[in-house]
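Visitor: Below is one structure. I have some questions about it.
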Amino acid sequence: MKGRVFDEAALVMSERDNVATAVDDLDEGREFDVDGSTVRLAEAVPFGHKFALAPLDAGDEVYKYGEVIGRAMAAIEPGEWVHTHNCESTRGRGDLAAAEGGADA
Amino acid sequence: MAPTFTGYRRADGRVGVRNHVAVIPTSVAASSVADAIASAAGSPARATPHQMGTSQPRPAREQTERVLAGVGRNPNVGAALVVELGTEDVDAESLADEIAETGKAVETLSIREVGGTRAALARGEELVADLADEAGRARREEADASELVFGVECGGSDATSGIAANPAVGNACDRLIDDGGTASFSETPEFIGAEHILAERCVDDGVRERLLDRVSTRESMAELMGVDLRGAQPTPGNQEGGLTTIEEKSLGAISKGGTRPVRGIVDYAEQLPVGGGLVLMDTPGYDVESVVGKVAGGAQIVAFTTGRGSTTGNPIAPVIKVTGNPKTWARMANNVDVNASTVFGGESIAAVGERVYEALLAVADGRRTEAERRRLEEFAVNEIQPNELADAGADA
């Protein structure tokens, strides 16, 4: 696998990433020691899903693969599940173009 | 020395890995009959039923013709029968001529002229039997890996796709390209958010501009419609599998094409070069149509990665399915050819990539894929959408 695996259960694909991918079904309360700091899961994170490694503010960019995969829609604490409820795409957003008055639409 | 396999060398120089008699309807109106003829004729007949109507706007008709001609010209086809109802815009004779240019035997059959479906079935079965005799004279001979055009596709993606199955297939693409072959992947909407990585790998500014232009066109379709991609991309299934945004899906998706330079980007169903390295195809994000586009472009073999599980296959090209999801492998091993979920147990991407490459060569040599064993064959032609037609009309 590309990246680093923590405790055989969480994959961090690039140094730049602020989320990790669960490579097992993870229970709430599971703790990971990531570079000296402890990340404790605030909720269960299913296999393949992501959790935050660092605190994020609304609007902050979310990194996986060392690349931007979207932005936080609200503040996210380390250990929180990161998915469509709190992370959104910035691409192909015709709804935003329409909301901006459709000048570009 | 590049690895070899045995295949059917055609008159145009391309090498087939199968020796099918394609039964190609020119419209939906001839599709049931084409299917029935192929079923009655048995091996080696393969029908390509599709949904395109008897009358289509010009750009749509031209695309349909390009797909059907490309499928007939694919070197996996040893001979072809073109079946029409007889009222189609797509002309069966000129389609047959285009296919025959490659030097293979081609016949046509008109359901109206021959006297309806009963007569068409009887006559079609005779024609396919004759074509099968003709095609059956071909023998496998040694061919070089550099003569393979390898289409790669993903469908039913989840988070394991970008971590395991796609990079493993990408590694196999790198191996094939290093051995002189061609690899191609498509689904332009799934470049969105990862196009900067592909752009950096383009061999020159022309290819780069063309690539970025195609991505921007696909993205602006969502903007033109005043909708956002989020409901459809990632799909609800992708989301359940852990993929949150189109950017995340794309970053995982592009890894199935490997890491070599991007040498070009062709249109849907346009011919892919032999010995061409990595060449992209501009297609919509529908996997069956996208696979068909690459087969029409000359791909003899397709690898299809799936996280959530897929049973897909194609009538003309063998489809090697690869999963990186351990649960999908456990549940659906009878539909999957290569298990890439071993990556989670510590097998390297390169080692899985080597297994994918070995599977590619074995399948080229005649080993049947799980989809072939079960005759799981899906075929669809991309239908140009009204807004795209409007664009094409404005250009014309």
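Each chain of the structure tokens is named A, B, ... in the order shown, its residues numbered from 1; ligands are numbered from 1 in display order.
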With DSSP run on the backbone, what are the alpha helix (DSSP H) residues within range 92-219 of chain B? I'd like them as number ranges by chain.
Guide: B: 92-100, 111-114, 116-135, 159-160, 166-178, 195-201, 205-219
Visitor: With a cut-off of 10 Å and counting only C-alpha atoms, select all residues of chain B in contact with chain A and give the selection as a VMD selection string.
Guide: chain B and resid 158 to 164 167 to 168 189 192 to 194 197 216 218 to 230 233 to 234 239 to 252 325 342 to 350
Visitor: Would you list the contacts of Gly258 in chain B as a PyMOL selection string, taking every protein, DNA or RNA residue within 6 Å and counting only C-alpha atoms, but skipping same-chain residues closer than 3 positions in sequence?
Guide: chain B and resi 170-171+173-174+255
Visitor: How many Å separate CA of Asp205 in chain B from CA of Leu389 in chain B?
Guide: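 Distance between the two atoms: 28.1 Å.
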Visitor: I'd like to know which residues of chain A are strand (DSSP E) (by DSSP, run on the backbone); could you write them as a ChimeraX atom specification?
Guide: /A:4-6,10-12,19-22,31-34,37-40,50-52,61-64,67-72,81-82,87-88
Visitor: Please provide as a list of chain:residue names all residues within 6 Å of Tyr8 in chain B, with the sequence filter that same-chain residues fewer than 3 positions apart are discarded (counting only C-alpha atoms).
Guide: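 In the requested form, the answer reads B:Val15, B:Gly16, B:Arg140.
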Visitor: Pick out the residues sitting within 7 Å of Thr182 in chain B, and hand them over as a list in words; count only C-alpha atoms, and ignore anything fewer than 5 positions along from it in its own chain.
Guide: Leu148, Val149, Phe150, Ile177, Val274, Gly275, Gly276, Gly277 and Leu278 of chain B
Visitor: Write the residues of the preceding selection, restricted to N, CA, C and O atoms, as a PDB file, in the first residue's frame.
Guide:
ATOM      1  N   LEU B 148      -0.614  -5.592 -27.891  1.00  0.00           N
ATOM      2  CA  LEU B 148      -1.851  -5.533 -27.102  1.00  0.00           C
ATOM      3  C   LEU B 148      -2.286  -4.092 -26.846  1.00  0.00           C
ATOM      4  O   LEU B 148      -1.474  -3.215 -26.541  1.00  0.00           O
ATOM      5  N   VAL B 149      -3.581  -3.877 -26.996  1.00  0.00           N
ATOM      6  CA  VAL B 149      -4.211  -2.618 -26.596  1.00  0.00           C
ATOM      7  C   VAL B 149      -5.115  -2.973 -25.415  1.00  0.00           C
ATOM      8  O   VAL B 149      -6.070  -3.747 -25.554  1.00  0.00           O
ATOM      9  N   PHE B 150      -4.775  -2.438 -24.261  1.00  0.00           N
ATOM     10  CA  PHE B 150      -5.365  -2.839 -22.986  1.00  0.00           C
ATOM     11  C   PHE B 150      -6.253  -1.698 -22.497  1.00  0.00           C
ATOM     12  O   PHE B 150      -5.775  -0.604 -22.216  1.00  0.00           O
ATOM     13  N   ILE B 177       3.203  -0.998 -21.080  1.00  0.00           N
ATOM     14  CA  ILE B 177       3.745   0.141 -21.829  1.00  0.00           C
ATOM     15  C   ILE B 177       5.269   0.006 -21.947  1.00  0.00           C
ATOM     16  O   ILE B 177       5.850   0.234 -23.008  1.00  0.00           O
ATOM     17  N   VAL B 274      -1.731   1.166 -31.893  1.00  0.00           N
ATOM     18  CA  VAL B 274      -0.991  -0.003 -31.400  1.00  0.00           C
ATOM     19  C   VAL B 274       0.416   0.489 -31.079  1.00  0.00           C
ATOM     20  O   VAL B 274       0.985   1.296 -31.810  1.00  0.00           O
ATOM     21  N   GLY B 275       0.968   0.030 -29.955  1.00  0.00           N
ATOM     22  CA  GLY B 275       2.313   0.457 -29.562  1.00  0.00           C
ATOM     23  C   GLY B 275       2.340   1.924 -29.175  1.00  0.00           C
ATOM     24  O   GLY B 275       3.328   2.613 -29.381  1.00  0.00           O
ATOM     25  N   GLY B 276       1.241   2.398 -28.602  1.00  0.00           N
ATOM     26  CA  GLY B 276       1.069   3.840 -28.397  1.00  0.00           C
ATOM     27  C   GLY B 276       1.293   4.346 -26.983  1.00  0.00           C
ATOM     28  O   GLY B 276       1.068   5.531 -26.730  1.00  0.00           O
ATOM     29  N   GLY B 277       1.692   3.488 -26.052  1.00  0.00           N
ATOM     30  CA  GLY B 277       1.846   3.956 -24.674  1.00  0.00           C
ATOM     31  C   GLY B 277       0.494   4.245 -24.044  1.00  0.00           C
ATOM     32  O   GLY B 277      -0.519   3.644 -24.414  1.00  0.00           O
ATOM     33  N   LEU B 278       0.476   5.206 -23.115  1.00  0.00           N
ATOM     34  CA  LEU B 278      -0.779   5.534 -22.423  1.00  0.00           C
ATOM     35  C   LEU B 278      -1.562   6.577 -23.220  1.00  0.00           C
ATOM     36  O   LEU B 278      -1.076   7.677 -23.467  1.00  0.00           O
TER      37      LEU B 278
END
Visitor: Would you list the contacts of Glu101 in chain B as a PyMOL selection string, taking every protein, DNA or RNA residue within 9 Å and counting only C-alpha atoms, but skipping same-chain residues closer than 4 positions in sequence?
Guide: chain B and resi 12+73+96-97
Visitor: Fewer than 4 positions away in the same chain doesn't count, so skip those; otherwise give me all residues within 8 Å of range 306-321 of chain B, counting only C-alpha atoms, as a ChimeraX atom specification.
Guide: /B:18,20,22,46-48,71,76-77,154-161,165,237,241,288,291-292,295,299-302,325,328,332,335-338,359-360,363,368-372,375-379
Visitor: Can you measure CA of Leu26 in chain A to CA of Arg40 in chain A for me? One decimal in Å is fine.
Guide: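 Between these atoms lies a distance of 10.9 Å.
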Visitor: To one decimal in Å, tell me the separation between CA of Pro386 in chain B and CA of Gln56 in chain B.
Guide: 11.6 Å
